[in-house]
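**Q** Quick one: this structure, given as structure tokens, is what I'll be asking you about.
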Amino acid sequence: MDFSFMHGADLHLGSTLSGLENLPEVLEKRIRDASLRSLAKLVDFCIDQQVDFLLLAGDLFEISDPSIRVQKYFARQMQRLAKTEILVFIVTGNHDRDVFTKFVFPLPKTVHVLSTEVDQHAITLNDEHEVTISGMSYGLLMKGASSFPVFPLPKRQQINIGLFHCDVGGSEDSLYYPVDLSRLQQSGFDYWALGHVHTNRVWDTTNLVVYPGVMQGRNRQETGPKGCYYVTCASQNLQAVFYPFQDIMWENRIVDLSDVTIDQLYAVIADVKEKSRQCNEVGVLLQIILTGFTPCHHALQMQETLHDLIVDIRVGEEQRGDGVWIHQIKDQTLPVLDWGKLENRNDFLGELLSFVATAIDDPTLHKELEKIWSTLPLREMLFLDRDEILNRVRVLAVQLFGGEQDR
Ligand SMILES: [Mn+2]
């Protein structure tokens, strides 16, 4: 290996995780510091792996005026890197545009904050490998595709890296430096270290164009592992591998209760919790979505059922490093009904239900549903697929047109 570096972005240091209520004090504290702890984990990794430099591609801070405590924490982590001579190159993003112009704590000389005009840093690593980093911090916000800065031509016989906070594939009037992927791919740069988009993504074609995503999920939409890319260079070839650094992970699990009776419910949920723990080394903020035509449906309609369950299942979790905190159980279950009997009824309801039963396999209907579906806001948060929606239609029909009482 010739050299190696880390690429992170969107740390959003100082942001609090949203959508959580009534947390025990110890968990509230952990959540308040989750973004900071993820930075410390990244720095640990840089030191352990002895990377040559670290790139941070904007939105390091949630706001341009982070608290003194957050600033101090950041400065301390930068000093840790400086002690082991790991260079740091930073551009700011839309959240933390001018944060470093008023930073309270001095940063070590090894930390380079790039200016708001395209800025270049040439470094020689291990006495022979030349790397040029070109990037730009956010200046005044400029709208539109024409705002994308002109980067200098790549230097021959060197590794050329672009460092920027921008919106790849963003629409023409995007506020965040929209740019076509092809422009980055044809730039002649070997690696684009980007920030802005919160899910990690790598385009590995002519070169590497990379979004690490956020480093600590901030709400229930930002699920799964969050981290940075560890990039190694061997014989002028770059390879990027993702490493998670979040302190606590958001997760959603859908649990089908079709074959579950109410006396089994506690055990089933406890099992889901343990499975989540086994899959993740860090803490988890878990949302459980209950689905299926289930004998549990009626009990779940009573408010205290879920309330009691969630209180019991949380006991002791806040004390564990690998604690699984169930922040919500969503009930999307449906009652068990005798569909055969209902469809055979000699009335409007029978006709309607047998129509739906055949329509379920109709590709034209699927297409129409897909169209409606794609326009729904926050559809990924609804946890309803096409079959779920049709099932809901069937149950609603039974309720509206006086079908049998569910069993
Ligand atoms: Mn961001």
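So you can find residues: chains in the structure tokens are A, B, ... in the order shown, residues in each start at 1, and ligands are numbered from 1 in order.
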Please identify all protein, DNA and RNA residues within 9 Å of ligand 1, counting only C-alpha atoms and all ligand atoms, and report them as an mmCIF file with all heavy atoms, in the first residue's frame.

**A**
data_model
loop_
_atom_site.group_PDB
_atom_site.id
_atom_site.type_symbol
_atom_site.label_atom_id
_atom_site.label_comp_id
_atom_site.auth_asym_id
_atom_site.auth_seq_id
_atom_site.Cartn_x
_atom_site.Cartn_y
_atom_site.Cartn_z
ATOM 1 N N ALA A 9 -18.110 12.845 6.120
ATOM 2 C CA ALA A 9 -18.883 14.063 5.848
ATOM 3 C C ALA A 9 -20.133 14.056 6.722
ATOM 4 O O ALA A 9 -20.474 13.040 7.322
ATOM 5 C CB ALA A 9 -19.285 14.137 4.383
ATOM 6 N N ASP A 10 -20.789 15.202 6.768
ATOM 7 C CA ASP A 10 -22.085 15.286 7.459
ATOM 8 C C ASP A 10 -22.061 14.686 8.869
ATOM 9 O O ASP A 10 -22.894 13.858 9.225
ATOM 10 C CB ASP A 10 -23.177 14.630 6.594
ATOM 11 C CG ASP A 10 -23.356 15.371 5.279
ATOM 12 O OD1 ASP A 10 -24.107 16.345 5.260
ATOM 13 O OD2 ASP A 10 -22.691 14.998 4.299
ATOM 14 N N LEU A 11 -21.081 15.127 9.633
ATOM 15 C CA LEU A 11 -21.007 14.670 11.030
ATOM 16 C C LEU A 11 -22.111 15.324 11.870
ATOM 17 O O LEU A 11 -22.544 14.766 12.861
ATOM 18 C CB LEU A 11 -19.639 15.037 11.633
ATOM 19 C CG LEU A 11 -18.417 14.237 11.156
ATOM 20 C CD1 LEU A 11 -18.090 14.493 9.692
ATOM 21 C CD2 LEU A 11 -17.208 14.575 12.008
ATOM 22 N N HIS A 12 -22.496 16.507 11.433
ATOM 23 C CA HIS A 12 -23.556 17.254 12.143
ATOM 24 C C HIS A 12 -23.324 17.260 13.659
ATOM 25 O O HIS A 12 -24.246 16.997 14.437
ATOM 26 C CB HIS A 12 -24.945 16.708 11.787
ATOM 27 C CG HIS A 12 -25.364 17.067 10.395
ATOM 28 N ND1 HIS A 12 -26.097 18.189 10.107
ATOM 29 C CD2 HIS A 12 -25.114 16.476 9.202
ATOM 30 C CE1 HIS A 12 -26.296 18.273 8.803
ATOM 31 N NE2 HIS A 12 -25.710 17.248 8.227
ATOM 32 N N GLY A 58 -17.724 18.707 4.696
ATOM 33 C CA GLY A 58 -18.826 19.639 4.965
ATOM 34 C C GLY A 58 -19.908 19.139 5.897
ATOM 35 O O GLY A 58 -20.051 17.950 6.126
ATOM 36 N N ASP A 59 -20.644 20.092 6.466
ATOM 37 C CA ASP A 59 -21.635 19.816 7.510
ATOM 38 C C ASP A 59 -20.979 19.052 8.669
ATOM 39 O O ASP A 59 -21.518 18.075 9.177
ATOM 40 C CB ASP A 59 -22.852 19.042 6.980
ATOM 41 C CG ASP A 59 -23.808 19.933 6.183
ATOM 42 O OD1 ASP A 59 -23.489 21.114 5.990
ATOM 43 O OD2 ASP A 59 -24.870 19.441 5.773
ATOM 44 N N LEU A 60 -19.813 19.529 9.074
ATOM 45 C CA LEU A 60 -19.158 18.938 10.246
ATOM 46 C C LEU A 60 -19.980 19.267 11.478
ATOM 47 O O LEU A 60 -20.043 18.488 12.420
ATOM 48 C CB LEU A 60 -17.751 19.527 10.426
ATOM 49 C CG LEU A 60 -16.632 18.964 9.567
ATOM 50 C CD1 LEU A 60 -16.821 19.332 8.116
ATOM 51 C CD2 LEU A 60 -15.300 19.456 10.071
ATOM 52 N N PHE A 61 -20.588 20.477 11.442
ATOM 53 C CA PHE A 61 -21.391 20.921 12.581
ATOM 54 C C PHE A 61 -22.837 21.109 12.142
ATOM 55 O O PHE A 61 -23.103 21.440 10.983
ATOM 56 C CB PHE A 61 -20.829 22.240 13.140
ATOM 57 C CG PHE A 61 -19.406 22.098 13.608
ATOM 58 C CD1 PHE A 61 -18.351 22.380 12.748
ATOM 59 C CD2 PHE A 61 -19.127 21.652 14.889
ATOM 60 C CE1 PHE A 61 -17.033 22.234 13.163
ATOM 61 C CE2 PHE A 61 -17.814 21.502 15.314
ATOM 62 C CZ PHE A 61 -16.769 21.788 14.457
ATOM 63 N N GLU A 62 -23.722 20.910 13.092
ATOM 64 C CA GLU A 62 -25.148 21.075 12.799
ATOM 65 C C GLU A 62 -25.467 22.528 12.434
ATOM 66 O O GLU A 62 -26.270 22.791 11.554
ATOM 67 C CB GLU A 62 -25.956 20.619 14.027
ATOM 68 C CG GLU A 62 -27.436 20.852 13.952
ATOM 69 C CD GLU A 62 -28.160 19.931 12.979
ATOM 70 O OE1 GLU A 62 -27.531 19.036 12.403
ATOM 71 O OE2 GLU A 62 -29.373 20.133 12.802
ATOM 72 N N GLY A 93 -19.960 23.033 4.714
ATOM 73 C CA GLY A 93 -21.147 22.773 3.905
ATOM 74 C C GLY A 93 -22.230 23.803 4.178
ATOM 75 O O GLY A 93 -21.956 24.859 4.760
ATOM 76 N N ASN A 94 -23.446 23.496 3.792
ATOM 77 C CA ASN A 94 -24.520 24.473 3.970
ATOM 78 C C ASN A 94 -24.923 24.668 5.433
ATOM 79 O O ASN A 94 -25.430 25.715 5.804
ATOM 80 C CB ASN A 94 -25.742 24.110 3.119
ATOM 81 C CG ASN A 94 -26.181 22.675 3.285
ATOM 82 O OD1 ASN A 94 -25.398 21.756 3.068
ATOM 83 N ND2 ASN A 94 -27.414 22.458 3.680
ATOM 84 N N HIS A 95 -24.677 23.657 6.282
ATOM 85 C CA HIS A 95 -25.036 23.804 7.695
ATOM 86 C C HIS A 95 -24.010 24.604 8.493
ATOM 87 O O HIS A 95 -24.359 25.224 9.491
ATOM 88 C CB HIS A 95 -25.177 22.418 8.353
ATOM 89 C CG HIS A 95 -26.538 21.833 8.223
ATOM 90 N ND1 HIS A 95 -27.474 21.892 9.222
ATOM 91 C CD2 HIS A 95 -27.136 21.198 7.182
ATOM 92 C CE1 HIS A 95 -28.593 21.296 8.816
ATOM 93 N NE2 HIS A 95 -28.408 20.860 7.581
ATOM 94 N N HIS A 165 -18.803 19.885 -0.944
ATOM 95 C CA HIS A 165 -20.136 19.585 -0.399
ATOM 96 C C HIS A 165 -21.135 19.980 -1.487
ATOM 97 O O HIS A 165 -21.343 21.169 -1.740
ATOM 98 C CB HIS A 165 -20.339 20.427 0.865
ATOM 99 C CG HIS A 165 -21.496 20.002 1.701
ATOM 100 N ND1 HIS A 165 -21.424 18.953 2.582
ATOM 101 C CD2 HIS A 165 -22.767 20.481 1.790
ATOM 102 C CE1 HIS A 165 -22.593 18.813 3.205
ATOM 103 N NE2 HIS A 165 -23.430 19.725 2.732
ATOM 104 N N GLY A 195 -19.760 15.506 0.233
ATOM 105 C CA GLY A 195 -20.670 15.513 1.365
ATOM 106 C C GLY A 195 -21.984 16.089 0.909
ATOM 107 O O GLY A 195 -22.066 16.655 -0.184
ATOM 108 N N HIS A 196 -22.991 15.939 1.702
ATOM 109 C CA HIS A 196 -24.315 16.543 1.527
ATOM 110 C C HIS A 196 -25.439 15.506 1.609
ATOM 111 O O HIS A 196 -26.396 15.678 2.335
ATOM 112 C CB HIS A 196 -24.465 17.336 0.222
ATOM 113 C CG HIS A 196 -25.794 18.046 0.138
ATOM 114 N ND1 HIS A 196 -26.198 18.963 1.080
ATOM 115 C CD2 HIS A 196 -26.826 17.949 -0.746
ATOM 116 C CE1 HIS A 196 -27.407 19.419 0.763
ATOM 117 N NE2 HIS A 196 -27.816 18.808 -0.328
ATOM 118 N N VAL A 197 -25.309 14.437 0.792
ATOM 119 C CA VAL A 197 -26.358 13.422 0.791
ATOM 120 C C VAL A 197 -26.152 12.534 2.024
ATOM 121 O O VAL A 197 -25.019 12.163 2.332
ATOM 122 C CB VAL A 197 -26.302 12.605 -0.511
ATOM 123 C CG1 VAL A 197 -27.183 11.375 -0.433
ATOM 124 C CG2 VAL A 197 -26.730 13.485 -1.679
ATOM 125 N N HIS A 198 -27.216 12.222 2.740
ATOM 126 C CA HIS A 198 -27.063 11.574 4.043
ATOM 127 C C HIS A 198 -26.995 10.053 4.036
ATOM 128 O O HIS A 198 -26.808 9.424 5.070
ATOM 129 C CB HIS A 198 -28.151 12.071 5.012
ATOM 130 C CG HIS A 198 -27.834 13.416 5.577
ATOM 131 N ND1 HIS A 198 -28.486 13.953 6.652
ATOM 132 C CD2 HIS A 198 -26.883 14.329 5.217
ATOM 133 C CE1 HIS A 198 -27.974 15.144 6.919
ATOM 134 N NE2 HIS A 198 -27.013 15.395 6.059
ATOM 135 N N GLY A 213 -22.231 9.739 3.597
ATOM 136 C CA GLY A 213 -23.489 9.857 4.357
ATOM 137 C C GLY A 213 -23.223 10.383 5.752
ATOM 138 O O GLY A 213 -22.078 10.690 6.109
ATOM 139 N N VAL A 214 -24.265 10.495 6.560
ATOM 140 C CA VAL A 214 -24.075 10.987 7.929
ATOM 141 C C VAL A 214 -23.252 9.982 8.731
ATOM 142 O O VAL A 214 -23.190 8.800 8.397
ATOM 143 C CB VAL A 214 -25.408 11.203 8.700
ATOM 144 C CG1 VAL A 214 -26.066 12.495 8.297
ATOM 145 C CG2 VAL A 214 -26.328 10.030 8.550
#

**Q** Fewer than 5 positions away in the same chain doesn't count, so skip those; otherwise give me all residues within 12 Å of Phe401 (chain A), counting only C-alpha atoms, as an mmCIF file with N, CA, C and O atoms, in the first residue's frame.

**A**
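This is the output file selection34.cif:
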data_model
loop_
_atom_site.group_PDB
_atom_site.id
_atom_site.type_symbol
_atom_site.label_atom_id
_atom_site.label_comp_id
_atom_site.auth_asym_id
_atom_site.auth_seq_id
_atom_site.Cartn_x
_atom_site.Cartn_y
_atom_site.Cartn_z
ATOM 1 N N LEU A 342 -66.823 -14.780 3.353
ATOM 2 C CA LEU A 342 -67.236 -13.416 3.024
ATOM 3 C C LEU A 342 -67.376 -13.215 1.510
ATOM 4 O O LEU A 342 -68.312 -12.571 1.037
ATOM 5 N N ARG A 345 -70.605 -14.511 -0.065
ATOM 6 C CA ARG A 345 -71.907 -13.930 0.310
ATOM 7 C C ARG A 345 -72.646 -13.448 -0.920
ATOM 8 O O ARG A 345 -72.047 -12.987 -1.885
ATOM 9 N N ASP A 347 -74.306 -10.822 -1.670
ATOM 10 C CA ASP A 347 -74.694 -9.413 -1.583
ATOM 11 C C ASP A 347 -73.559 -8.533 -2.110
ATOM 12 O O ASP A 347 -72.572 -9.033 -2.645
ATOM 13 N N PHE A 348 -73.708 -7.230 -1.955
ATOM 14 C CA PHE A 348 -72.715 -6.286 -2.488
ATOM 15 C C PHE A 348 -71.328 -6.547 -1.904
ATOM 16 O O PHE A 348 -70.325 -6.551 -2.610
ATOM 17 N N LEU A 349 -71.280 -6.789 -0.573
ATOM 18 C CA LEU A 349 -69.990 -7.025 0.069
ATOM 19 C C LEU A 349 -69.299 -8.246 -0.536
ATOM 20 O O LEU A 349 -68.099 -8.199 -0.842
ATOM 21 N N GLY A 350 -70.058 -9.324 -0.715
ATOM 22 C CA GLY A 350 -69.498 -10.538 -1.313
ATOM 23 C C GLY A 350 -68.919 -10.260 -2.683
ATOM 24 O O GLY A 350 -67.807 -10.686 -3.030
ATOM 25 N N GLU A 351 -69.672 -9.479 -3.465
ATOM 26 C CA GLU A 351 -69.241 -9.159 -4.836
ATOM 27 C C GLU A 351 -67.960 -8.318 -4.815
ATOM 28 O O GLU A 351 -67.019 -8.578 -5.551
ATOM 29 N N LEU A 352 -67.982 -7.321 -3.927
ATOM 30 C CA LEU A 352 -66.827 -6.421 -3.816
ATOM 31 C C LEU A 352 -65.569 -7.198 -3.417
ATOM 32 O O LEU A 352 -64.501 -7.037 -4.014
ATOM 33 N N LEU A 353 -65.718 -8.064 -2.416
ATOM 34 C CA LEU A 353 -64.543 -8.797 -1.927
ATOM 35 C C LEU A 353 -64.015 -9.787 -2.950
ATOM 36 O O LEU A 353 -62.808 -9.961 -3.095
ATOM 37 N N VAL A 393 -58.003 -2.300 2.343
ATOM 38 C CA VAL A 393 -59.237 -2.043 1.584
ATOM 39 C C VAL A 393 -60.263 -3.135 1.895
ATOM 40 O O VAL A 393 -61.439 -2.860 2.150
ATOM 41 N N ARG A 394 -59.814 -4.362 1.937
ATOM 42 C CA ARG A 394 -60.738 -5.473 2.190
ATOM 43 C C ARG A 394 -61.358 -5.382 3.585
ATOM 44 O O ARG A 394 -62.562 -5.553 3.764
ATOM 45 N N VAL A 395 -60.507 -5.076 4.575
ATOM 46 C CA VAL A 395 -61.021 -4.995 5.947
ATOM 47 C C VAL A 395 -61.983 -3.816 6.089
ATOM 48 O O VAL A 395 -63.043 -3.926 6.711
ATOM 49 N N LEU A 396 -61.630 -2.696 5.448
ATOM 50 C CA LEU A 396 -62.491 -1.516 5.497
ATOM 51 C C LEU A 396 -63.858 -1.831 4.886
ATOM 52 O O LEU A 396 -64.899 -1.435 5.428
#

**Q** Mind checking which residues fall within 8 Å of region 238-243 of chain A, counting only C-alpha atoms, ignoring those fewer than 6 positions away in the same chain, and posting them as a list in words?

**A** Asp190, Tyr191, Leu208, Pro212, Lys226, Gly227, Cys228, Tyr229, Tyr230, Val231 and Thr232 of chain A

**Q** Please produce a file of those selected residues containing C-alpha atoms, as a PDB file, in the first residue's frame.

**A**
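Result written to result07.pdb:
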ATOM      1  CA  ASP A 190      -9.225   9.962  -9.125  1.00  0.00           C
ATOM      2  CA  TYR A 191     -11.517  10.480  -6.174  1.00  0.00           C
ATOM      3  CA  LEU A 208     -14.522   6.966  -7.389  1.00  0.00           C
ATOM      4  CA  PRO A 212     -20.085   8.672   3.036  1.00  0.00           C
ATOM      5  CA  LYS A 226     -23.476   5.194   9.417  1.00  0.00           C
ATOM      6  CA  GLY A 227     -19.808   5.939   8.968  1.00  0.00           C
ATOM      7  CA  CYS A 228     -16.940   6.839   6.664  1.00  0.00           C
ATOM      8  CA  TYR A 229     -14.774   5.426   3.890  1.00  0.00           C
ATOM      9  CA  TYR A 230     -11.308   4.077   4.454  1.00  0.00           C
ATOM     10  CA  VAL A 231      -9.459   4.547   1.184  1.00  0.00           C
ATOM     11  CA  THR A 232      -6.233   2.785   0.334  1.00  0.00           C
TER      12      THR A 232
END

**Q** Using the chain letters and numbers from this document, which residues of region 166-377 of chain A does DSSP assign to strand (DSSP E or B), as number ranges by chain?

**A** A: 167-168, 178-179, 191-195, 201-204, 208-211, 223, 227-234, 237-244, 248-256, 283-291, 293, 324-331, 334

**Q** Determine, counting only C-alpha atoms, which protein, DNA and RNA residues have an atom within 9 Å of an atom of Pro154 (chain A); residues of the same chain fewer than 4 positions away are not included. Present the result as a ChimeraX atom specification.

**A** /A:132,158-161,187-190

**Q** Write out as a ChimeraX atom specification each polymer residue whose atoms come within 10 Å of Lys72 (chain A), counting only C-alpha atoms; drop sequence neighbours fewer than 2 positions from it.

**A** /A:66-70,74-78,103-107

**Q** Between A:Ile90, A:Leu36, A:Val255, A:Cys296, which residue has the minimum interatomic distance to Val336 (chain A), considering only C-alpha atoms?

**A**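 So, comparing all the options, the nearest one is A:Cys296.
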
**Q** Between A:Leu184, A:Leu194, A:Leu125, A:Val311, which is the closest to Asn207 (chain A) once you count only C-alpha atoms?

**A**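 Going through A:Leu184, A:Leu194, A:Leu125, A:Val311 one by one, the smallest distance to Asn207 (chain A) is for A:Leu184.
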
**Q** Pick from A:Leu376, A:Ala270, A:Ala40, A:Ile254: nearest to Gln332 (chain A), with only C-alpha atoms counted?

**A** A:Ile254

**Q** Any idea what's packed within 7 Å of Pro178 (chain A), counting only C-alpha atoms, ignoring anything in its chain fewer than 2 positions away? Could you give it as a list in words?

**A**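 Near Pro178 (chain A), the qualifying residues are Gly144, Ala145, Phe148, Cys166, Asp167, Val168, Gly169, Gly170, Ser171, Glu172, Ser174 and Tyr176 of chain A.
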
**Q** Which of these, A:Asp361, A:Glu28, A:Asp96, A:Glu370, has the shortest distance to Asp65 (chain A) once you count only C-alpha atoms?

**A** A:Asp96

**Q** Report as a list in words all protein, DNA and RNA residues lying within 6 Å of Val51 (chain A), evaluated on only C-alpha atoms, omitting residues in the same chain fewer than 3 positions from it.

**A**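 Surrounding residues, per the criterion: Ser4, Phe5 and Cys46 of chain A.
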
**Q** Find, counting only C-alpha atoms, the residue in A:Leu382, A:Ile133, A:Ile31, A:Leu81 that gets nearest to Val43 (chain A).

**A**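 Closest to Val43 (chain A) of all the choices is A:Leu81.
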
**Q** Calculated over only C-alpha atoms, which of the candidates A:Ile329, A:Ile47, A:Ile63, A:Leu54 has the smallest distance to Val111 (chain A)?

**A**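 Ranked by minimum distance to Val111 (chain A), first place goes to A:Leu54.
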
**Q** Report the distance between CA of Gly162 (chain A) and CA of Met136 (chain A) in Å, rounded to one decimal place.

**A**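 A separation of 8.9 Å between them.
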